[in-house]
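Participant: Provided herewith: final_20.tsv, TSV, C-alpha atoms.
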```tsv
chain	number	residue	atom	x	y	z
A	485	PRO	CA	93.47	58.29	-67.83
A	486	TYR	CA	90.94	60.35	-65.87
A	487	SER	CA	88.73	60.51	-68.95
A	488	ARG	CA	88.81	56.77	-69.35
A	489	LEU	CA	87.96	56.32	-65.67
A	490	PHE	CA	84.97	58.67	-65.76
A	491	GLY	CA	83.92	57.28	-69.12
A	492	SER	CA	83.53	53.72	-67.71
A	493	GLU	CA	81.59	54.87	-64.61
A	494	PRO	CA	78.10	54.25	-66.12
A	495	MET	CA	79.05	50.69	-66.89
A	496	VAL	CA	80.21	50.12	-63.33
A	497	LEU	CA	77.03	51.55	-61.91
A	498	LEU	CA	74.94	49.47	-64.27
A	499	THR	CA	76.85	46.35	-63.35
A	500	ALA	CA	76.50	47.13	-59.66
A	501	ALA	CA	72.78	47.72	-60.06
A	502	CYS	CA	72.37	44.43	-61.88
A	503	LEU	CA	74.31	42.60	-59.19
A	504	PHE	CA	72.15	44.28	-56.50
A	505	PHE	CA	68.90	43.33	-58.10
A	506	LEU	CA	70.20	39.84	-58.77
A	507	LEU	CA	71.11	39.38	-55.14
A	508	LEU	CA	67.78	40.89	-54.12
A	509	GLY	CA	65.91	38.47	-56.37
A	510	LEU	CA	67.87	35.53	-55.03
A	511	GLY	CA	67.15	36.63	-51.46
A	512	TYR	CA	63.45	37.02	-52.24
A	513	LEU	CA	63.28	33.61	-53.81
A	514	ARG	CA	65.05	32.12	-50.83
A	515	VAL	CA	62.72	33.81	-48.36
A	516	ARG	CA	59.68	32.87	-50.37
A	517	GLY	CA	60.76	29.28	-50.62
A	518	ARG	CA	61.32	29.14	-46.88
A	519	ALA	CA	57.88	30.69	-46.24
A	520	GLU	CA	56.23	28.21	-48.57
A	521	ALA	CA	58.04	25.38	-46.87
A	522	GLU	CA	56.93	26.60	-43.46
A	523	ALA	CA	53.36	27.04	-44.72
A	524	GLN	CA	53.39	23.56	-46.15
A	525	GLU	CA	54.81	22.27	-42.91
A	526	ARG	CA	52.09	24.06	-40.95
A	527	LEU	CA	49.51	22.69	-43.38
A	528	ASP	CA	50.83	19.18	-42.91
A	529	VAL	CA	50.80	19.60	-39.12
A	530	ARG	CA	47.26	20.99	-39.21
A	531	SER	CA	46.16	18.17	-41.47
A	532	ALA	CA	47.67	15.61	-39.16
A	533	PHE	CA	46.12	17.30	-36.11
A	534	GLY	CA	42.73	17.50	-37.84
A	535	GLU	CA	42.92	13.84	-38.72
A	536	GLU	CA	43.79	12.99	-35.15
A	537	LEU	CA	40.97	15.24	-33.94
A	538	ARG	CA	38.50	13.62	-36.29
A	539	GLU	CA	39.66	10.20	-35.20
A	540	LYS	CA	39.29	11.22	-31.57
A	541	GLN	CA	35.82	12.63	-32.19
A	542	THR	CA	34.85	9.42	-34.00
A	543	LYS	CA	36.06	7.33	-31.06
A	544	GLU	CA	34.17	9.53	-28.59
A	545	LYS	CA	31.07	9.29	-30.74
A	546	ASN	CA	31.36	5.51	-30.90
A	547	LEU	CA	32.00	5.45	-27.15
A	548	MET	CA	28.88	7.48	-26.38
A	549	SER	CA	26.83	5.43	-28.80
A	550	THR	CA	28.10	2.22	-27.19
A	551	LEU	CA	27.26	3.51	-23.73
A	552	HIS	CA	23.72	4.45	-24.83
A	553	ILE	CA	23.16	1.06	-26.44
A	554	LEU	CA	24.56	-0.76	-23.39
A	555	HIS	CA	22.48	1.38	-21.01
A	556	ASP	CA	19.24	0.72	-22.92
A	557	LYS	CA	19.87	-3.01	-23.18
A	558	LEU	CA	20.71	-3.40	-19.49
A	559	ALA	CA	17.72	-1.25	-18.52
A	560	LYS	CA	15.44	-3.49	-20.62
A	561	ILE	CA	16.85	-6.67	-19.02
A	562	ALA	CA	16.51	-5.27	-15.50
A	563	GLY	CA	12.99	-4.02	-16.21
A	564	ASP	CA	11.89	-7.42	-17.54
A	565	HIS	CA	13.31	-9.05	-14.42
A	566	ASP	CA	11.61	-6.63	-12.02
A	567	CYS	CA	8.31	-7.08	-13.85
A	568	GLY	CA	8.60	-10.86	-13.58
A	569	ASP	CA	9.20	-11.50	-17.29
A	570	SER	CA	12.85	-12.60	-17.00
A	571	VAL	CA	14.98	-14.67	-14.65
A	572	ASN	CA	18.28	-12.80	-14.97
A	573	ARG	CA	18.64	-9.18	-13.98
A	574	SER	CA	22.22	-8.73	-15.23
A	575	LEU	CA	24.20	-9.42	-18.41
A	576	SER	CA	27.56	-11.15	-18.42
A	577	VAL	CA	30.52	-9.36	-19.99
A	578	ARG	CA	30.94	-12.18	-22.49
A	579	GLU	CA	27.34	-11.90	-23.65
A	580	ALA	CA	27.66	-8.11	-23.89
A	581	ALA	CA	30.88	-8.41	-25.94
A	582	GLU	CA	29.24	-10.88	-28.32
A	583	TYR	CA	26.32	-8.51	-28.72
A	584	PHE	CA	28.57	-5.57	-29.66
A	585	ILE	CA	30.69	-7.73	-31.97
A	586	SER	CA	27.52	-8.48	-33.90
A	587	LEU	CA	27.00	-4.73	-34.30
A	588	GLY	CA	30.39	-4.09	-35.90
A	589	PRO	CA	34.15	-3.92	-35.22
A	590	ASP	CA	33.98	-0.29	-34.15
A	591	TYR	CA	31.59	-1.19	-31.35
A	592	GLU	CA	33.84	-4.02	-30.16
A	593	GLU	CA	36.71	-1.60	-29.49
A	594	ALA	CA	34.34	1.02	-28.09
A	595	PHE	CA	32.84	-1.57	-25.69
A	596	ASN	CA	36.22	-2.24	-24.08
A	597	SER	CA	36.81	1.49	-23.79
A	598	SER	CA	33.36	2.03	-22.34
A	599	LEU	CA	34.04	-0.35	-19.45
A	600	GLN	CA	37.20	1.55	-18.55
A	601	TRP	CA	35.35	4.84	-18.93
A	602	ILE	CA	32.63	3.66	-16.51
A	603	LEU	CA	35.25	2.70	-13.92
A	604	ASP	CA	37.18	5.96	-14.37
A	605	THR	CA	34.08	8.14	-14.13
A	606	GLY	CA	32.92	6.76	-10.79
A	607	ASP	CA	29.49	8.38	-11.16
A	608	ASP	CA	26.17	6.59	-11.37
A	609	MET	CA	25.60	6.41	-15.11
A	610	GLY	CA	22.88	3.78	-14.80
A	611	ILE	CA	25.36	0.94	-15.37
A	612	LYS	CA	26.81	-1.06	-12.48
A	613	CYS	CA	29.90	-3.24	-12.86
A	614	VAL	CA	29.71	-6.40	-10.78
A	615	GLY	CA	32.52	-8.83	-9.96
A	616	ASP	CA	32.51	-12.29	-8.48
A	617	ILE	CA	31.19	-10.81	-5.22
A	618	SER	CA	28.19	-8.56	-5.79
A	619	ASP	CA	28.98	-6.15	-2.94
A	620	GLU	CA	32.69	-5.86	-3.76
A	621	MET	CA	33.85	-2.72	-5.55
A	622	VAL	CA	35.40	-3.36	-8.98
A	623	THR	CA	38.45	-1.30	-9.98
A	624	ASN	CA	39.75	-3.22	-13.01
A	625	THR	CA	38.03	-4.18	-16.24
A	626	THR	CA	39.36	-7.73	-16.00
A	627	ALA	CA	37.50	-8.16	-12.70
A	628	ILE	CA	34.13	-7.27	-14.24
A	629	LYS	CA	31.95	-10.35	-14.60
A	630	TYR	CA	28.47	-8.89	-14.98
A	631	LEU	CA	26.85	-5.64	-16.00
A	632	GLU	CA	23.66	-4.53	-14.32
A	633	SER	CA	21.38	-1.53	-14.74
A	634	THR	CA	20.53	0.73	-11.82
A	635	ARG	CA	17.68	2.35	-13.76
A	636	PRO	CA	15.31	-0.39	-14.95
A	637	GLN	CA	13.09	0.37	-17.92
A	638	MET	CA	9.53	-0.82	-17.25
A	639	SER	CA	6.19	-0.43	-18.96
A	640	PHE	CA	3.43	1.76	-17.56
A	641	VAL	CA	1.37	-1.23	-16.45
A	642	CYS	CA	4.35	-2.76	-14.65
A	643	ARG	CA	5.23	0.53	-12.95
A	644	PHE	CA	1.63	1.03	-11.85
A	645	ARG	CA	1.44	-2.52	-10.48
A	646	ARG	CA	4.74	-2.16	-8.60
A	647	ALA	CA	3.73	1.25	-7.25
A	648	PHE	CA	0.41	-0.16	-6.07
A	649	ILE	CA	2.11	-3.09	-4.36
A	650	THR	CA	4.70	-0.81	-2.75
A	651	VAL	CA	2.10	1.64	-1.46
A	652	THR	CA	-0.10	-1.19	-0.21
A	653	HIS	CA	2.85	-2.81	1.54
A	654	ARG	CA	3.84	0.45	3.23
A	655	LEU	CA	0.27	1.27	4.20
A	656	SER	CA	-0.55	-2.28	5.31
A	657	PRO	CA	0.17	-1.54	9.02
A	658	ILE	CA	-2.15	1.48	8.89
A	659	ILE	CA	-4.80	-0.45	6.96
A	660	LEU	CA	-4.46	-3.37	9.39
A	661	GLY	CA	-4.75	-1.03	12.37
A	662	VAL	CA	-7.83	0.69	10.93
A	663	GLY	CA	-9.32	-2.72	10.13
A	664	ILE	CA	-8.75	-3.95	13.69
A	665	VAL	CA	-10.26	-0.80	15.21
A	666	TRP	CA	-13.22	-1.01	12.81
A	667	GLY	CA	-13.69	-4.71	13.61
A	668	VAL	CA	-13.52	-4.10	17.36
A	669	PHE	CA	-16.01	-1.25	17.03
A	670	TYR	CA	-18.51	-3.36	15.12
A	671	TYR	CA	-17.97	-6.31	17.45
A	672	VAL	CA	-18.64	-4.14	20.51
A	673	LYS	CA	-21.66	-2.63	18.77
A	674	TYR	CA	-22.89	-6.14	17.91
A	675	ARG	CA	-22.37	-7.29	21.50
A	676	TRP	CA	-24.24	-4.27	22.86
A	677	THR	CA	-27.12	-4.86	20.46
A	678	LYS	CA	-27.20	-8.55	21.29
A	679	GLU	CA	-27.00	-7.81	25.02
A	680	GLU	CA	-29.87	-5.37	24.76
A	681	GLU	CA	-31.91	-7.89	22.78
A	682	GLU	CA	-31.19	-10.66	25.32
A	683	THR	CA	-32.09	-8.30	28.19
A	684	ARG	CA	-35.38	-7.42	26.54
A	685	GLN	CA	-36.11	-11.12	25.93
A	686	MET	CA	-35.17	-11.87	29.55
A	687	TYR	CA	-37.66	-9.28	30.88
A	688	ASP	CA	-40.35	-10.66	28.55
A	689	MET	CA	-39.61	-14.13	29.88
A	690	VAL	CA	-39.82	-12.89	33.50
A	691	VAL	CA	-43.25	-11.39	32.79
A	692	LYS	CA	-44.42	-14.70	31.29
A	693	ILE	CA	-43.08	-16.64	34.28
A	694	ILE	CA	-44.91	-14.40	36.73
A	695	ASP	CA	-48.13	-14.72	34.71
A	696	VAL	CA	-47.84	-18.51	34.75
A	697	LEU	CA	-47.18	-18.64	38.50
A	698	ARG	CA	-50.00	-16.21	39.29
A	699	SER	CA	-52.42	-18.17	37.11
A	700	HIS	CA	-51.33	-21.41	38.77
A	701	ASN	CA	-51.84	-19.85	42.20
A	702	ASP	CA	-55.34	-18.74	41.26
A	703	ALA	CA	-56.06	-22.21	39.95
A	704	CYS	CA	-54.87	-23.70	43.26
A	705	HIS	CA	-57.45	-21.60	45.14
A	706	GLU	CA	-60.18	-22.98	42.93
A	707	ASN	CA	-58.87	-26.54	42.83
A	708	LYS	CA	-57.44	-27.75	46.13
A	709	ASP	CA	-56.01	-30.87	44.50
A	710	LEU	CA	-53.32	-28.87	42.71
A	711	GLN	CA	-49.91	-28.43	44.28
A	712	PRO	CA	-49.13	-24.83	45.28
A	713	TYR	CA	-45.81	-24.89	43.43
A	714	MET	CA	-44.54	-25.56	39.93
A	715	PRO	CA	-41.25	-27.18	38.87
A	716	ILE	CA	-39.03	-24.67	37.12
A	717	LEU	CA	-38.38	-27.02	34.21
A	718	HIS	CA	-42.13	-27.49	33.72
A	719	VAL	CA	-42.56	-23.73	33.52
A	720	ARG	CA	-39.78	-23.57	30.95
A	721	ASP	CA	-41.32	-26.34	28.88
A	722	SER	CA	-44.68	-24.54	28.89
A	723	LEU	CA	-43.13	-21.22	27.73
A	724	VAL	CA	-40.35	-22.26	25.30
A	725	GLN	CA	-40.86	-24.51	22.31
A	726	PRO	CA	-38.57	-27.56	22.08
A	727	GLN	CA	-36.78	-26.27	18.97
A	728	ASP	CA	-36.01	-22.95	20.70
A	729	ARG	CA	-34.75	-24.24	24.05
A	730	ILE	CA	-31.08	-24.29	23.04
A	731	LYS	CA	-31.35	-20.85	21.42
A	732	PHE	CA	-33.05	-19.31	24.49
A	733	LYS	CA	-31.02	-21.19	27.11
A	734	LYS	CA	-29.04	-18.07	28.09
A	735	VAL	CA	-32.20	-15.95	28.19
A	736	TRP	CA	-33.95	-18.54	30.35
A	737	ASP	CA	-31.02	-18.84	32.78
A	738	ARG	CA	-30.91	-15.05	33.19
A	739	ALA	CA	-34.67	-14.96	33.74
A	740	VAL	CA	-34.40	-17.66	36.43
A	741	ASP	CA	-31.62	-15.73	38.18
A	742	PHE	CA	-33.61	-12.49	37.95
A	743	VAL	CA	-36.74	-14.07	39.45
A	744	GLY	CA	-34.70	-15.63	42.26
A	745	SER	CA	-32.92	-12.35	43.06
A	746	ASN	CA	-35.48	-9.64	42.39
A	747	GLU	CA	-38.98	-11.12	42.63
A	748	SER	CA	-40.31	-11.12	46.24
A	749	ARG	CA	-43.63	-12.74	45.32
A	750	VAL	CA	-41.91	-15.95	44.18
A	751	ARG	CA	-39.87	-18.32	46.31
A	752	MET	CA	-37.57	-21.06	45.03
A	753	GLU	CA	-37.69	-24.41	46.83
A	754	ARG	CA	-36.49	-27.97	46.42
A	755	ARG	CA	-39.15	-30.65	46.19
A	756	ARG	CA	-39.02	-34.34	45.51
A	757	ILE	CA	-41.45	-35.09	42.72
A	758	GLY	CA	-41.79	-38.60	41.35
A	759	GLY	CA	-38.63	-39.65	43.18
A	760	THR	CA	-36.60	-36.83	41.64
A	761	GLU	CA	-35.49	-33.74	43.49
A	762	LEU	CA	-36.41	-30.65	41.50
A	763	LEU	CA	-36.28	-26.91	41.92
A	764	VAL	CA	-39.75	-25.42	42.11
A	765	TRP	CA	-41.33	-21.99	42.31
A	766	ARG	CA	-44.03	-21.13	44.83
A	767	TRP	CA	-46.24	-18.05	44.59
A	768	ILE	CA	-46.26	-16.57	48.10
A	769	GLN	CA	-48.20	-13.35	47.58
A	770	PRO	CA	-51.48	-13.59	49.46
A	771	SER	CA	-54.59	-13.21	47.38
A	772	ALA	CA	-56.55	-9.96	47.72
A	773	PRO	CA	-60.10	-10.22	49.16
A	774	CYS	CA	-61.51	-8.75	46.00
A	775	ASP	CA	-59.48	-9.07	42.81
A	776	LYS	CA	-62.05	-7.46	40.55
A	777	THR	CA	-63.35	-3.92	40.67
A	778	LEU	CA	-66.98	-3.11	40.13
A	779	ALA	CA	-67.92	-2.52	36.55
A	780	VAL	CA	-70.57	0.11	37.47
A	781	PRO	CA	-69.05	3.29	38.90
A	782	SER	CA	-70.56	4.96	42.00
A	783	LYS	CA	-72.88	7.84	41.51
A	784	VAL	CA	-71.37	11.28	41.93
A	785	TRP	CA	-72.82	14.74	41.56
A	786	GLN	CA	-72.21	16.01	38.06
A	787	GLY	CA	-73.82	19.42	38.22
A	788	GLN	CA	-77.35	20.55	37.40
A	789	ALA	CA	-79.33	18.01	35.41
A	790	LEU	CA	-81.64	20.57	33.84
A	791	HIS	CA	-80.89	23.95	32.39
A	792	LEU	CA	-82.80	26.78	33.98
A	793	ASP	CA	-84.88	29.00	31.78
A	794	ARG	CA	-83.33	32.43	31.36
A	795	LYS	CA	-86.71	34.03	31.80
A	796	SER	CA	-87.11	32.45	35.22
A	797	THR	CA	-83.86	34.10	36.22
```
Now, as a test, write the supplied structure out as structure tokens.

Facilitator:
Amino acid sequence: PYSRLFGSEPMVLLTAACLFFLLLGLGYLRVRGRAEAEAQERLDVRSAFGEELREKQTKEKNLMSTLHILHDKLAKIAGDHDCGDSVNRSLSVREAAEYFISLGPDYEEAFNSSLQWILDTGDDMGIKCVGDISDEMVTNTTAIKYLESTRPQMSFVCRFRRAFITVTHRLSPIILGVGIVWGVFYYVKYRWTKEEEETRQMYDMVVKIIDVLRSHNDACHENKDLQPYMPILHVRDSLVQPQDRIKFKKVWDRAVDFVGSNESRVRMERRRIGGTELLVWRWIQPSAPCDKTLAVPSKVWQGQALHLDRKST
């Protein structure tokens, strides 16, 4: 019996080894299958996540593109309005939605998302949402009635014109002040020049008046039939031409006042001439006994008449 037992031992070992390797193979296949299943599951999850990520990226891209398009369109509308080329400065939500619908279905969905994104951001993105009341803050997309740009897009000519008008408007008080000061300066200068010219003309007129009165006084000494006075108006008529009497009226009045106040050789009187009472001038300076000097000068000693000869000295 012992020989039979030890004789069958190799078969038992071989059978045990086969069973071991069989179980090992089954365990390997089971583990491998589970690993493949998990890998496939991870692959499916990654694929689904990548699809979701790509979809999200596509939506964000469409959202950004929609915002850029909306920003540019609103900036163009606002710029045209500020430059005087358009009546409306804003765009209604309905008109904006119709515009994006014409661009494609993706933009229609992105437009609705962009409005919510603008409200959620709260920053100045160049797009202002306006409700029924312009100054009222909008917090819901359903309350948005108009869209308006805060950064108008204008041409160079329009910007230059607006900048020029703005600068001119801000500097207008300074320009007006400088203009007033400049005008006052030139007016004062003009008045001084005119005053000096009138004063010079007044003195010239006074000299002419005195010459006329002196000549009339001399004529009265030669002709006793002449009156020793002259009406002031007659003197004026003899010195000022008829067409210049209005122009020189102020000069003449100043000359009359000057003669009455500062000329001691002339006296103003009232005389009735031809039934009319007139103001007259009378020359009251007495005549000198000899008005003319001798033409031949008196003889004076002017040194030796003849040169002495050197030899005689």

Participant: Neighbouring residues of stretch 624-628 of chain A were defined as those with any atom within 10 Å, considering only C-alpha atoms; residues of the same chain fewer than 2 positions away were excluded. Please report them as a VMD selection string.

Facilitator: chain A and resid 576 to 577 596 to 604 612 to 616 621 to 622 630 to 631

Participant: Would you mind reading off the distance between atom CA of A:Ser633 and atom CA of A:Ala594, one decimal, in Å?

Facilitator: 18.8 Å

Participant: What separation in Å, quoted to one decimal, exists between atom CA of A:Val515 and atom CA of A:Ala501?

Facilitator: 20.8 Å

Participant: Given the choices A:Leu547, A:Val651, A:Ser639, A:Leu507, which gets closest to A:Asp569 if the distance is worked out from only C-alpha atoms?

Facilitator: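 Of the candidates, the smallest distance to A:Asp569 is held by A:Ser639.
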
Participant: Which residue is closest to A:Pro715? Choose from A:Lys731, A:His700, A:Arg514, A:Lys557 and count all atoms listed in the file.

Facilitator: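 Comparing A:Lys731, A:His700, A:Arg514, A:Lys557 against A:Pro715, the winner is A:His700.
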
Participant: In Å, rounded to a single decimal, give me how far atom CA of A:Leu762 is from atom CA of A:Ile716.

Facilitator: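 Taking atom CA of A:Ile716 as the start and atom CA of A:Leu762 as the end point, the length is 7.9 Å.
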
Participant: So which one's closest to A:Leu554, A:Met609, A:Arg518, A:Asp566, A:Glu679? Using only C-alpha atoms, please.

Facilitator: A:Met609

Participant: Could you check which of A:Leu587, A:Ile611, A:Val743, A:Ile553 is closest to A:Glu632, using all atoms listed in the file?

Facilitator: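 Smallest separation from A:Glu632 among the options: A:Ile611.
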
Participant: Between A:Ile617, A:His565, A:Ala500, A:Phe648, which is the closest to A:Pro636 once you count all atoms listed in the file?

Facilitator: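 For A:Pro636, the nearest of the given residues is A:His565.
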
Participant: Can you list, as a PyMOL selection string, every protein, DNA or RNA residue that comes within 12 Å of A:Lys692 when you count all atoms listed in the file, leaving out same-chain residues fewer than 6 positions away?

Facilitator: chain A and resi 685-686+698-699+719-720+722-724+736+739-740+743

Participant: Please determine the residues with any atom at most 7 Å from (-43.6, -18.0, 44.8) (coordinates as given in the file, with all atoms listed in the file counting) and report them as a PyMOL selection string.

Facilitator: chain A and resi 749-752+765-768

Participant: My list of candidates is A:Leu498, A:Leu513, A:Val735, A:Leu551. Which is closest to A:Tyr687 when distances are computed with only C-alpha atoms?

Facilitator: A:Val735

Participant: Missing atoms in stretch 492-516 of chain A: fill them in up to N, CA, C and O atoms and send the result as a compact mmCIF listing (two decimals), in the frame of the given file.

Facilitator:
```
# COMPACT_ATOMS: atom_id res chain seq x y z
N SER A 492 84.02 55.08 -68.03
CA SER A 492 83.53 53.72 -67.71
C SER A 492 82.64 53.69 -66.47
O SER A 492 82.19 52.63 -66.04
N GLU A 493 82.41 54.83 -65.86
CA GLU A 493 81.59 54.87 -64.61
C GLU A 493 80.18 54.38 -64.85
O GLU A 493 79.64 53.62 -64.02
N PRO A 494 79.48 54.76 -65.91
CA PRO A 494 78.10 54.25 -66.12
C PRO A 494 78.04 52.74 -66.20
O PRO A 494 77.10 52.12 -65.70
N MET A 495 79.05 52.15 -66.79
CA MET A 495 79.05 50.69 -66.89
C MET A 495 79.19 50.05 -65.51
O MET A 495 78.55 49.04 -65.19
N VAL A 496 80.01 50.67 -64.68
CA VAL A 496 80.21 50.12 -63.33
C VAL A 496 78.91 50.23 -62.53
O VAL A 496 78.50 49.30 -61.83
N LEU A 497 78.29 51.36 -62.66
CA LEU A 497 77.03 51.55 -61.91
C LEU A 497 75.97 50.57 -62.39
O LEU A 497 75.20 50.02 -61.60
N LEU A 498 75.95 50.41 -63.72
CA LEU A 498 74.94 49.47 -64.27
C LEU A 498 75.22 48.06 -63.80
O LEU A 498 74.30 47.31 -63.42
N THR A 499 76.49 47.72 -63.78
CA THR A 499 76.85 46.35 -63.35
C THR A 499 76.51 46.17 -61.88
O THR A 499 75.97 45.14 -61.44
N ALA A 500 76.82 47.23 -61.08
CA ALA A 500 76.50 47.13 -59.66
C ALA A 500 75.00 47.02 -59.43
O ALA A 500 74.52 46.28 -58.56
N ALA A 501 74.24 47.79 -60.21
CA ALA A 501 72.78 47.72 -60.06
C ALA A 501 72.26 46.34 -60.42
O ALA A 501 71.37 45.78 -59.76
N CYS A 502 72.82 45.77 -61.48
CA CYS A 502 72.37 44.43 -61.88
C CYS A 502 72.70 43.41 -60.80
O CYS A 502 71.88 42.53 -60.47
N LEU A 503 73.95 43.53 -60.26
CA LEU A 503 74.31 42.60 -59.19
C LEU A 503 73.38 42.77 -57.98
O LEU A 503 72.99 41.80 -57.32
N PHE A 504 73.02 44.01 -57.64
CA PHE A 504 72.15 44.28 -56.50
C PHE A 504 70.78 43.64 -56.68
O PHE A 504 70.26 42.95 -55.80
N PHE A 505 70.24 43.90 -57.87
CA PHE A 505 68.90 43.33 -58.10
C PHE A 505 68.94 41.81 -58.20
O PHE A 505 67.99 41.13 -57.83
N LEU A 506 70.07 41.30 -58.70
CA LEU A 506 70.20 39.84 -58.77
C LEU A 506 70.24 39.25 -57.37
O LEU A 506 69.57 38.27 -57.08
N LEU A 507 71.06 39.87 -56.53
CA LEU A 507 71.11 39.38 -55.14
C LEU A 507 69.76 39.55 -54.43
O LEU A 507 69.36 38.69 -53.65
N LEU A 508 69.11 40.68 -54.73
CA LEU A 508 67.78 40.89 -54.12
C LEU A 508 66.78 39.84 -54.57
O LEU A 508 65.98 39.31 -53.77
N GLY A 509 66.84 39.50 -55.87
CA GLY A 509 65.91 38.47 -56.37
C GLY A 509 66.19 37.12 -55.76
O GLY A 509 65.28 36.36 -55.40
N LEU A 510 67.53 36.82 -55.63
CA LEU A 510 67.87 35.53 -55.03
C LEU A 510 67.42 35.48 -53.56
O LEU A 510 66.92 34.45 -53.08
N GLY A 511 67.60 36.60 -52.86
CA GLY A 511 67.15 36.63 -51.46
C GLY A 511 65.64 36.49 -51.34
O GLY A 511 65.10 35.81 -50.45
N TYR A 512 64.93 37.12 -52.26
CA TYR A 512 63.45 37.02 -52.24
C TYR A 512 63.00 35.60 -52.49
O TYR A 512 62.10 35.07 -51.82
N LEU A 513 63.67 34.98 -53.51
CA LEU A 513 63.28 33.61 -53.81
C LEU A 513 63.58 32.67 -52.64
O LEU A 513 62.83 31.75 -52.35
N ARG A 514 64.69 32.96 -51.97
CA ARG A 514 65.05 32.12 -50.83
C ARG A 514 64.04 32.28 -49.70
O ARG A 514 63.59 31.30 -49.10
N VAL A 515 63.70 33.56 -49.44
CA VAL A 515 62.72 33.81 -48.36
C VAL A 515 61.37 33.24 -48.72
O VAL A 515 60.67 32.65 -47.88
N ARG A 516 60.99 33.40 -49.95
CA ARG A 516 59.68 32.87 -50.37
C ARG A 516 59.63 31.36 -50.27
O ARG A 516 58.63 30.77 -49.84
```
